[in-house]
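S.K.: Below is one structure. I have some questions about it.
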Amino acid sequence: GQDDVIADSMNEVLRESAAGQTIKTLLGKGSILYELSCLISDPGSHRQNLHPDTPHFVGSEAVLYTCFVALQDVRLDMGPTTWLPGTHSAEAHEAFQDGNSSSEGGESKKDELIRTAPSVLGLLPKGCCAIFDSRLLHCGTSNKSENDSRALFYFSFKGKKVGYPGNPASIRPEIERTQITMEDLEEDLASYSKGKGHPMIDQIGKSLR
């Protein structure tokens, strides 16, 4: 069923790959599952506007880390994600919010940032993932392929001490309300891998239906 598909997917990513340990290292113990869904870009889908998923709070550490897992090889014509490395800083966010041209009619700080910041494309092979700070500027590009949708299985975890991260969970806000920690989820998946049930995943599944 659907819950087994979720359990298999999360087990592979969190327990059988380095992704779970990476997020635990970044956020520490007790991080909370914030989002869990699949992003799908069909042929003809337009480019997203460049954006961060959460704002930058002064003096704050990262609030969310997000993991995108490619469910097929992501080619250039399928609209890969573009990230601007290093733009999770207060300075970059300040510049990004300043769209005013100079008095001489020159480009705005936002335009200058977009023009000069290095960028990387998420040309991910099937089964590979990208983990990023939710404050990083990024966008999905346009899917110009003839027939191929781009699907990314994705989830994010929120730091234990973080309250409201500045933006609501965008696709499945009910996920966060279950308040499932990374450690609880790992325990649930370990039980599942031994042929037992997965009550935590069942709880998530119920919230999605």
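Residue numbering restarts at 1 in every chain; chains get A, B, ... in the order shown in the structure tokens, and ligands count up from 1 in that same order.
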I want to know what sits within 8 Å of segment 174-183 of chain A, based on only C-alpha atoms, with residues of the same chain fewer than 5 positions away left out; could you give that as a VMD selection string?
M.R.: chain A and resid 24 29 to 36 157 169 200 203 to 204 207 to 208
S.K.: Using only C-alpha atoms, which residue out of A:Asp133, A:Glu186, A:Asp8, A:Asp98 lies closest to Leu84 of chain A?
M.R.: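 The closest residue to Leu84 of chain A is A:Asp133.
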S.K.: Using only C-alpha atoms, which residue out of A:Lys109, A:Pro173, A:Phe132, A:Arg47 lies closest to Glu91 of chain A?
M.R.: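 Closest candidate: A:Lys109.
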S.K.: What separation in Å, quoted to one decimal, exists between atom CA of Leu124 of chain A and atom CA of Pro80 of chain A?
M.R.: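 Atom-to-atom, atom CA of Leu124 of chain A to atom CA of Pro80 of chain A, that is 8.2 Å.
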S.K.: Using the chain letters and numbers from this document, which residues of chain A does DSSP assign to strand (DSSP E), as a ChimeraX atom specification?
M.R.: /A:32-41,64-70,81-83,120-121,129-133,138-140,150-158
S.K.: May I have the residues within 10 Å of Asp4 of chain A as a PDB file with C-alpha atoms, in the first residue's frame, using only C-alpha atoms and disregarding those fewer than 3 positions away in the same chain?
M.R.:
ATOM      1  CA  GLY A   1       0.000   0.000   0.000  1.00  0.00           C
ATOM      2  CA  ALA A   7       8.279   3.407   4.499  1.00  0.00           C
ATOM      3  CA  ASP A   8      10.488   1.805   1.838  1.00  0.00           C
ATOM      4  CA  SER A   9      11.484   5.203   0.480  1.00  0.00           C
ATOM      5  CA  MET A  10      12.238   6.768   3.854  1.00  0.00           C
ATOM      6  CA  TYR A 192       9.648  -2.137   9.639  1.00  0.00           C
ATOM      7  CA  GLY A 197       4.766  -2.638  11.523  1.00  0.00           C
ATOM      8  CA  HIS A 198       5.442   1.046  11.024  1.00  0.00           C
ATOM      9  CA  ILE A 201       4.512   5.937   8.913  1.00  0.00           C
ATOM     10  CA  ASP A 202       0.873   4.889   9.348  1.00  0.00           C
ATOM     11  CA  GLY A 205      -0.199   8.190   5.902  1.00  0.00           C
TER      12      GLY A 205
END
S.K.: Pick out each residue of segment 66-111 of chain A that DSSP on the backbone tags as helix (DSSP H, G or I); I need them as a short mmCIF file (atom, residue, chain, number, x, y, z; two decimals) with all heavy atoms, in the first residue's frame.
M.R.:
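So the final result, stored in out_24.cif, reads:
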data_model
loop_
_atom_site.label_atom_id
_atom_site.label_comp_id
_atom_site.auth_asym_id
_atom_site.auth_seq_id
_atom_site.Cartn_x
_atom_site.Cartn_y
_atom_site.Cartn_z
N LEU A 76 18.97 18.20 -18.57
CA LEU A 76 18.92 19.65 -18.66
C LEU A 76 17.57 20.14 -19.19
O LEU A 76 17.05 21.16 -18.73
CB LEU A 76 20.05 20.16 -19.58
CG LEU A 76 20.26 21.66 -19.66
CD1 LEU A 76 20.56 22.25 -18.28
CD2 LEU A 76 21.37 21.99 -20.63
N ASP A 77 16.96 19.40 -20.12
CA ASP A 77 15.70 19.86 -20.70
C ASP A 77 14.49 19.57 -19.83
O ASP A 77 13.37 19.96 -20.16
CB ASP A 77 15.50 19.24 -22.10
CG ASP A 77 15.31 17.73 -22.08
OD1 ASP A 77 15.68 17.10 -21.06
OD2 ASP A 77 14.81 17.17 -23.07
N MET A 78 14.71 18.89 -18.69
CA MET A 78 13.58 18.52 -17.82
C MET A 78 13.35 19.53 -16.69
O MET A 78 12.52 19.31 -15.81
CB MET A 78 13.82 17.13 -17.22
CG MET A 78 13.72 16.03 -18.27
SD MET A 78 14.40 14.46 -17.70
CE MET A 78 13.27 14.03 -16.39
N ALA A 90 22.50 36.46 5.58
CA ALA A 90 21.70 37.67 5.81
C ALA A 90 21.97 38.70 4.71
O ALA A 90 21.05 39.37 4.23
CB ALA A 90 22.04 38.25 7.18
N GLU A 91 23.24 38.80 4.29
CA GLU A 91 23.60 39.79 3.27
C GLU A 91 22.91 39.49 1.94
O GLU A 91 22.38 40.39 1.28
CB GLU A 91 25.12 39.80 3.06
CG GLU A 91 25.94 40.28 4.25
CD GLU A 91 26.09 39.21 5.34
OE1 GLU A 91 25.77 38.03 5.08
OE2 GLU A 91 26.51 39.57 6.45
N ALA A 92 22.90 38.21 1.56
CA ALA A 92 22.26 37.84 0.29
C ALA A 92 20.76 38.08 0.35
O ALA A 92 20.17 38.58 -0.62
CB ALA A 92 22.55 36.37 -0.03
N HIS A 93 20.13 37.77 1.48
CA HIS A 93 18.69 37.98 1.60
C HIS A 93 18.35 39.47 1.56
O HIS A 93 17.35 39.88 0.97
CB HIS A 93 18.16 37.35 2.88
CG HIS A 93 17.85 35.89 2.74
ND1 HIS A 93 16.63 35.34 3.07
CD2 HIS A 93 18.61 34.86 2.29
CE1 HIS A 93 16.64 34.03 2.83
NE2 HIS A 93 17.84 33.73 2.36
N GLU A 94 19.20 40.28 2.19
CA GLU A 94 18.98 41.73 2.18
C GLU A 94 19.06 42.26 0.74
O GLU A 94 18.22 43.06 0.31
CB GLU A 94 20.03 42.42 3.06
CG GLU A 94 19.79 43.90 3.22
CD GLU A 94 20.82 44.57 4.15
OE1 GLU A 94 21.50 43.85 4.91
OE2 GLU A 94 20.93 45.80 4.08
N ALA A 95 20.07 41.81 0.00
CA ALA A 95 20.21 42.23 -1.39
C ALA A 95 19.04 41.74 -2.23
O ALA A 95 18.50 42.47 -3.08
CB ALA A 95 21.53 41.72 -1.96
N PHE A 96 18.61 40.50 -2.00
CA PHE A 96 17.54 39.90 -2.80
C PHE A 96 16.22 40.66 -2.60
O PHE A 96 15.38 40.68 -3.51
CB PHE A 96 17.37 38.43 -2.39
CG PHE A 96 16.39 37.67 -3.24
CD1 PHE A 96 16.65 37.40 -4.58
CD2 PHE A 96 15.20 37.20 -2.70
CE1 PHE A 96 15.74 36.71 -5.36
CE2 PHE A 96 14.29 36.50 -3.47
CZ PHE A 96 14.56 36.25 -4.81
N LYS A 109 20.15 46.00 -6.34
CA LYS A 109 20.99 45.02 -5.63
C LYS A 109 20.51 43.60 -5.90
O LYS A 109 21.30 42.67 -5.99
CB LYS A 109 20.99 45.31 -4.12
CG LYS A 109 21.76 46.57 -3.73
CD LYS A 109 21.80 46.75 -2.23
CE LYS A 109 22.60 47.99 -1.85
NZ LYS A 109 22.64 48.19 -0.38
N LYS A 110 19.19 43.45 -6.03
CA LYS A 110 18.64 42.14 -6.35
C LYS A 110 19.12 41.66 -7.72
O LYS A 110 19.59 40.52 -7.86
CB LYS A 110 17.11 42.20 -6.32
CG LYS A 110 16.44 40.87 -6.68
CD LYS A 110 14.92 40.98 -6.58
CE LYS A 110 14.26 39.65 -6.92
NZ LYS A 110 12.78 39.71 -6.76
N ASP A 111 19.02 42.53 -8.72
CA ASP A 111 19.46 42.16 -10.07
C ASP A 111 20.95 41.87 -10.11
O ASP A 111 21.39 40.94 -10.79
CB ASP A 111 19.12 43.27 -11.07
CG ASP A 111 17.62 43.36 -11.36
OD1 ASP A 111 16.93 42.36 -11.10
OD2 ASP A 111 17.17 44.41 -11.84
#
S.K.: Give me the residues within 10 Å of His51 of chain A as a PDB file with C-alpha atoms, in the first residue's frame, counting only C-alpha atoms and dropping any in the same chain fewer than 2 places off.
M.R.:
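After the write, out_9.pdb holds the following:
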ATOM      1  CA  GLN A  48       9.716  29.188 -10.953  1.00  0.00           C
ATOM      2  CA  ASN A  49      10.718  32.587  -9.653  1.00  0.00           C
ATOM      3  CA  ASP A  53      11.856  28.523   1.254  1.00  0.00           C
ATOM      4  CA  THR A  54      12.335  30.339   4.570  1.00  0.00           C
ATOM      5  CA  PRO A  55      13.552  33.852   5.452  1.00  0.00           C
ATOM      6  CA  TRP A  83      20.628  26.760  -6.604  1.00  0.00           C
ATOM      7  CA  HIS A  93      18.688  37.983   1.595  1.00  0.00           C
ATOM      8  CA  PHE A  96      17.537  39.899  -2.798  1.00  0.00           C
ATOM      9  CA  SER A 134      16.001  26.145   3.244  1.00  0.00           C
ATOM     10  CA  ARG A 135      17.239  29.758   3.183  1.00  0.00           C
ATOM     11  CA  LEU A 136      19.205  29.154  -0.016  1.00  0.00           C
ATOM     12  CA  LEU A 137      17.922  30.930  -3.129  1.00  0.00           C
ATOM     13  CA  HIS A 138      16.750  28.398  -5.711  1.00  0.00           C
ATOM     14  CA  CYS A 139      14.103  27.682  -8.331  1.00  0.00           C
ATOM     15  CA  GLY A 140      12.849  24.942 -10.594  1.00  0.00           C
TER      16      GLY A 140
END
S.K.: Nearest to His88 of chain A: which of A:Glu61, A:Asp3, A:Glu112, A:Glu107 is it, counting only C-alpha atoms?
M.R.: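 With only C-alpha atoms as the atom set, the closest residue is A:Glu61.
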S.K.: Which residues, written as a compact mmCIF listing (two decimals) with all heavy atoms, in the first residue's frame, have at least one atom at most 12 Å from Gly44 of chain A, with only C-alpha atoms counted and residues fewer than 3 positions away on the same chain left out?
M.R.:
# COMPACT_ATOMS: atom_id res chain seq x y z
N ILE A 40 6.56 17.40 -8.79
CA ILE A 40 6.49 16.90 -10.17
C ILE A 40 6.37 18.08 -11.13
O ILE A 40 5.51 18.95 -10.97
CB ILE A 40 5.30 15.94 -10.36
CG1 ILE A 40 5.45 14.73 -9.43
CG2 ILE A 40 5.21 15.49 -11.82
CD1 ILE A 40 4.26 13.80 -9.44
N SER A 41 7.27 18.11 -12.11
CA SER A 41 7.25 19.13 -13.15
C SER A 41 6.96 18.44 -14.48
O SER A 41 7.78 17.66 -14.97
CB SER A 41 8.59 19.86 -13.20
OG SER A 41 8.73 20.61 -14.39
N ARG A 47 9.23 28.04 -15.60
CA ARG A 47 10.27 28.26 -14.60
C ARG A 47 9.67 28.93 -13.36
O ARG A 47 8.81 29.80 -13.47
CB ARG A 47 11.34 29.18 -15.22
CG ARG A 47 12.52 29.51 -14.34
CD ARG A 47 13.41 30.52 -15.08
NE ARG A 47 14.58 30.87 -14.31
CZ ARG A 47 14.61 31.77 -13.34
NH1 ARG A 47 13.49 32.42 -13.02
NH2 ARG A 47 15.73 32.05 -12.70
N ASP A 77 16.96 19.40 -20.12
CA ASP A 77 15.70 19.86 -20.70
C ASP A 77 14.49 19.57 -19.83
O ASP A 77 13.37 19.96 -20.16
CB ASP A 77 15.50 19.24 -22.10
CG ASP A 77 15.31 17.73 -22.08
OD1 ASP A 77 15.68 17.10 -21.06
OD2 ASP A 77 14.81 17.17 -23.07
N MET A 78 14.71 18.89 -18.69
CA MET A 78 13.58 18.52 -17.82
C MET A 78 13.35 19.53 -16.69
O MET A 78 12.52 19.31 -15.81
CB MET A 78 13.82 17.13 -17.22
CG MET A 78 13.72 16.03 -18.27
SD MET A 78 14.40 14.46 -17.70
CE MET A 78 13.27 14.03 -16.39
N GLY A 79 14.05 20.65 -16.74
CA GLY A 79 13.82 21.70 -15.75
C GLY A 79 14.46 21.46 -14.40
O GLY A 79 13.77 21.53 -13.37
N THR A 141 13.57 25.11 -12.92
CA THR A 141 13.58 25.73 -14.24
C THR A 141 12.48 25.09 -15.10
O THR A 141 11.81 24.15 -14.68
CB THR A 141 14.97 25.60 -14.90
OG1 THR A 141 15.35 24.22 -14.96
CG2 THR A 141 16.02 26.36 -14.09
N SER A 142 12.29 25.63 -16.30
CA SER A 142 11.18 25.17 -17.14
C SER A 142 11.47 23.79 -17.74
O SER A 142 12.59 23.50 -18.14
CB SER A 142 10.91 26.18 -18.26
OG SER A 142 12.08 26.42 -19.01
N ASN A 143 10.44 22.97 -17.76
CA ASN A 143 10.55 21.63 -18.34
C ASN A 143 10.26 21.72 -19.84
O ASN A 143 9.11 21.88 -20.25
CB ASN A 143 9.58 20.66 -17.65
CG ASN A 143 9.80 19.22 -18.09
OD1 ASN A 143 10.29 18.95 -19.18
ND2 ASN A 143 9.44 18.28 -17.22
N LYS A 144 11.31 21.64 -20.63
CA LYS A 144 11.18 21.79 -22.09
C LYS A 144 11.21 20.46 -22.82
O LYS A 144 11.29 20.42 -24.05
CB LYS A 144 12.31 22.70 -22.60
CG LYS A 144 12.27 24.11 -22.02
CD LYS A 144 13.45 24.95 -22.49
CE LYS A 144 13.39 26.34 -21.88
NZ LYS A 144 14.58 27.16 -22.24
N SER A 145 11.17 19.37 -22.06
CA SER A 145 11.21 18.06 -22.71
C SER A 145 9.89 17.76 -23.42
O SER A 145 8.87 18.39 -23.15
CB SER A 145 11.51 16.96 -21.67
OG SER A 145 10.39 16.78 -20.83
N GLU A 146 9.94 16.80 -24.31
CA GLU A 146 8.74 16.44 -25.08
C GLU A 146 7.76 15.63 -24.23
O GLU A 146 6.56 15.89 -24.23
CB GLU A 146 9.14 15.61 -26.30
CG GLU A 146 9.89 16.40 -27.37
CD GLU A 146 8.99 17.38 -28.10
OE1 GLU A 146 7.82 17.04 -28.32
OE2 GLU A 146 9.47 18.49 -28.42
N ASN A 147 8.28 14.66 -23.50
CA ASN A 147 7.40 13.70 -22.84
C ASN A 147 7.75 13.38 -21.39
O ASN A 147 7.05 12.59 -20.76
CB ASN A 147 7.42 12.35 -23.61
CG ASN A 147 7.03 12.51 -25.07
OD1 ASN A 147 5.95 13.01 -25.35
ND2 ASN A 147 7.91 12.11 -25.97
N ASP A 148 8.84 13.93 -20.86
CA ASP A 148 9.35 13.44 -19.57
C ASP A 148 9.06 14.40 -18.42
O ASP A 148 9.52 15.54 -18.41
CB ASP A 148 10.86 13.21 -19.67
CG ASP A 148 11.20 12.12 -20.67
OD1 ASP A 148 10.45 11.12 -20.72
OD2 ASP A 148 12.19 12.27 -21.42
N SER A 149 8.31 13.91 -17.45
CA SER A 149 8.10 14.66 -16.21
C SER A 149 9.33 14.52 -15.33
O SER A 149 10.05 13.52 -15.40
CB SER A 149 6.87 14.15 -15.47
OG SER A 149 5.70 14.37 -16.23
N ARG A 150 9.57 15.53 -14.53
CA ARG A 150 10.66 15.48 -13.53
C ARG A 150 10.03 15.31 -12.16
O ARG A 150 9.23 16.15 -11.73
CB ARG A 150 11.49 16.77 -13.59
CG ARG A 150 12.49 16.92 -12.45
CD ARG A 150 13.30 18.19 -12.57
NE ARG A 150 12.51 19.40 -12.52
CZ ARG A 150 12.12 20.02 -11.41
NH1 ARG A 150 12.42 19.51 -10.23
NH2 ARG A 150 11.41 21.13 -11.47
S.K.: Using only C-alpha atoms, which of the listed residues (A:Thr81, A:Thr87, A:Ser17, A:Thr66) sits closest to Ser37 of chain A?
M.R.: A:Thr66
S.K.: Just how far from atom CA of Ala190 of chain A is atom CA of Arg15 of chain A, in Å to one decimal?
M.R.: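 Separation between atom CA of Arg15 of chain A and atom CA of Ala190 of chain A: 8.1 Å.
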S.K.: Might you pull out every residue within 9 Å of Ala130 of chain A, with only C-alpha atoms counted and same-chain residues fewer than 2 positions away left off, and present them as a list in words?
M.R.: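 The contact residues come out as Ala19, Thr66, Cys67, Phe68, Val69, Ala70, Gly122, Leu124, Cys128 and Phe132 of chain A.
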S.K.: The selected residues should be written to file as a PDB file, in the first residue's frame (atoms: all heavy atoms).
M.R.:
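File produced: out-v2.pdb:
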ATOM      1  N   ALA A  19      22.110  10.230   3.840  1.00  0.00           N
ATOM      2  CA  ALA A  19      21.279  11.431   3.949  1.00  0.00           C
ATOM      3  C   ALA A  19      20.773  11.665   5.370  1.00  0.00           C
ATOM      4  O   ALA A  19      20.816  12.786   5.881  1.00  0.00           O
ATOM      5  CB  ALA A  19      20.104  11.351   2.978  1.00  0.00           C
ATOM      6  N   THR A  66      16.419  20.534   3.613  1.00  0.00           N
ATOM      7  CA  THR A  66      15.546  19.837   2.674  1.00  0.00           C
ATOM      8  C   THR A  66      16.365  18.870   1.830  1.00  0.00           C
ATOM      9  O   THR A  66      17.493  19.183   1.446  1.00  0.00           O
ATOM     10  CB  THR A  66      14.834  20.861   1.763  1.00  0.00           C
ATOM     11  OG1 THR A  66      14.072  21.753   2.577  1.00  0.00           O
ATOM     12  CG2 THR A  66      13.912  20.170   0.770  1.00  0.00           C
ATOM     13  N   CYS A  67      15.787  17.723   1.552  1.00  0.00           N
ATOM     14  CA  CYS A  67      16.436  16.709   0.724  1.00  0.00           C
ATOM     15  C   CYS A  67      15.569  16.426  -0.494  1.00  0.00           C
ATOM     16  O   CYS A  67      14.392  16.080  -0.354  1.00  0.00           O
ATOM     17  CB  CYS A  67      16.645  15.430   1.540  1.00  0.00           C
ATOM     18  SG  CYS A  67      17.441  14.092   0.621  1.00  0.00           S
ATOM     19  N   PHE A  68      16.133  16.619  -1.692  1.00  0.00           N
ATOM     20  CA  PHE A  68      15.478  16.269  -2.958  1.00  0.00           C
ATOM     21  C   PHE A  68      16.101  14.971  -3.466  1.00  0.00           C
ATOM     22  O   PHE A  68      17.320  14.901  -3.619  1.00  0.00           O
ATOM     23  CB  PHE A  68      15.716  17.345  -4.019  1.00  0.00           C
ATOM     24  CG  PHE A  68      14.904  18.607  -3.878  1.00  0.00           C
ATOM     25  CD1 PHE A  68      15.128  19.681  -4.737  1.00  0.00           C
ATOM     26  CD2 PHE A  68      13.928  18.739  -2.914  1.00  0.00           C
ATOM     27  CE1 PHE A  68      14.392  20.848  -4.638  1.00  0.00           C
ATOM     28  CE2 PHE A  68      13.180  19.904  -2.790  1.00  0.00           C
ATOM     29  CZ  PHE A  68      13.412  20.964  -3.663  1.00  0.00           C
ATOM     30  N   VAL A  69      15.287  13.964  -3.757  1.00  0.00           N
ATOM     31  CA  VAL A  69      15.777  12.706  -4.319  1.00  0.00           C
ATOM     32  C   VAL A  69      15.207  12.548  -5.729  1.00  0.00           C
ATOM     33  O   VAL A  69      13.982  12.555  -5.915  1.00  0.00           O
ATOM     34  CB  VAL A  69      15.356  11.494  -3.460  1.00  0.00           C
ATOM     35  CG1 VAL A  69      15.955  10.205  -4.035  1.00  0.00           C
ATOM     36  CG2 VAL A  69      15.782  11.667  -2.006  1.00  0.00           C
ATOM     37  N   ALA A  70      16.091  12.396  -6.718  1.00  0.00           N
ATOM     38  CA  ALA A  70      15.642  12.254  -8.104  1.00  0.00           C
ATOM     39  C   ALA A  70      15.054  10.862  -8.327  1.00  0.00           C
ATOM     40  O   ALA A  70      15.709   9.857  -8.034  1.00  0.00           O
ATOM     41  CB  ALA A  70      16.810  12.491  -9.055  1.00  0.00           C
ATOM     42  N   GLY A 122      20.736  21.117 -10.666  1.00  0.00           N
ATOM     43  CA  GLY A 122      20.503  19.803 -10.070  1.00  0.00           C
ATOM     44  C   GLY A 122      20.316  18.724 -11.123  1.00  0.00           C
ATOM     45  O   GLY A 122      19.236  18.136 -11.233  1.00  0.00           O
ATOM     46  N   LEU A 124      20.624  15.628 -11.387  1.00  0.00           N
ATOM     47  CA  LEU A 124      20.819  14.481 -10.509  1.00  0.00           C
ATOM     48  C   LEU A 124      20.537  13.168 -11.225  1.00  0.00           C
ATOM     49  O   LEU A 124      19.479  13.016 -11.839  1.00  0.00           O
ATOM     50  CB  LEU A 124      19.879  14.595  -9.297  1.00  0.00           C
ATOM     51  CG  LEU A 124      20.053  15.800  -8.381  1.00  0.00           C
ATOM     52  CD1 LEU A 124      18.908  15.861  -7.376  1.00  0.00           C
ATOM     53  CD2 LEU A 124      21.381  15.741  -7.657  1.00  0.00           C
ATOM     54  N   CYS A 128      19.929   9.730  -6.750  1.00  0.00           N
ATOM     55  CA  CYS A 128      20.837  10.651  -6.047  1.00  0.00           C
ATOM     56  C   CYS A 128      20.026  11.776  -5.404  1.00  0.00           C
ATOM     57  O   CYS A 128      18.897  12.055  -5.796  1.00  0.00           O
ATOM     58  CB  CYS A 128      21.862  11.228  -7.017  1.00  0.00           C
ATOM     59  SG  CYS A 128      23.084  10.028  -7.545  1.00  0.00           S
ATOM     60  N   PHE A 132      19.881  20.756   1.084  1.00  0.00           N
ATOM     61  CA  PHE A 132      20.204  22.184   1.115  1.00  0.00           C
ATOM     62  C   PHE A 132      19.496  22.906   2.260  1.00  0.00           C
ATOM     63  O   PHE A 132      18.433  22.493   2.725  1.00  0.00           O
ATOM     64  CB  PHE A 132      19.887  22.852  -0.227  1.00  0.00           C
ATOM     65  CG  PHE A 132      18.436  22.841  -0.637  1.00  0.00           C
ATOM     66  CD1 PHE A 132      17.633  23.951  -0.438  1.00  0.00           C
ATOM     67  CD2 PHE A 132      17.877  21.723  -1.247  1.00  0.00           C
ATOM     68  CE1 PHE A 132      16.298  23.948  -0.824  1.00  0.00           C
ATOM     69  CE2 PHE A 132      16.538  21.704  -1.640  1.00  0.00           C
ATOM     70  CZ  PHE A 132      15.757  22.822  -1.422  1.00  0.00           C
TER      71      PHE A 132
END
S.K.: Any idea what the distance is between atom CA of Pro125 of chain A and atom CA of Leu14 of chain A?
M.R.: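 The value is 18.4 Å.
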S.K.: Could you check the closest approach to Ala18 of chain A for each of A:Ile131, A:Leu64, A:Leu50, A:Leu123 and tell me which residue wins, using only C-alpha atoms?
M.R.: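 Smallest distance to Ala18 of chain A is found for A:Ile131.
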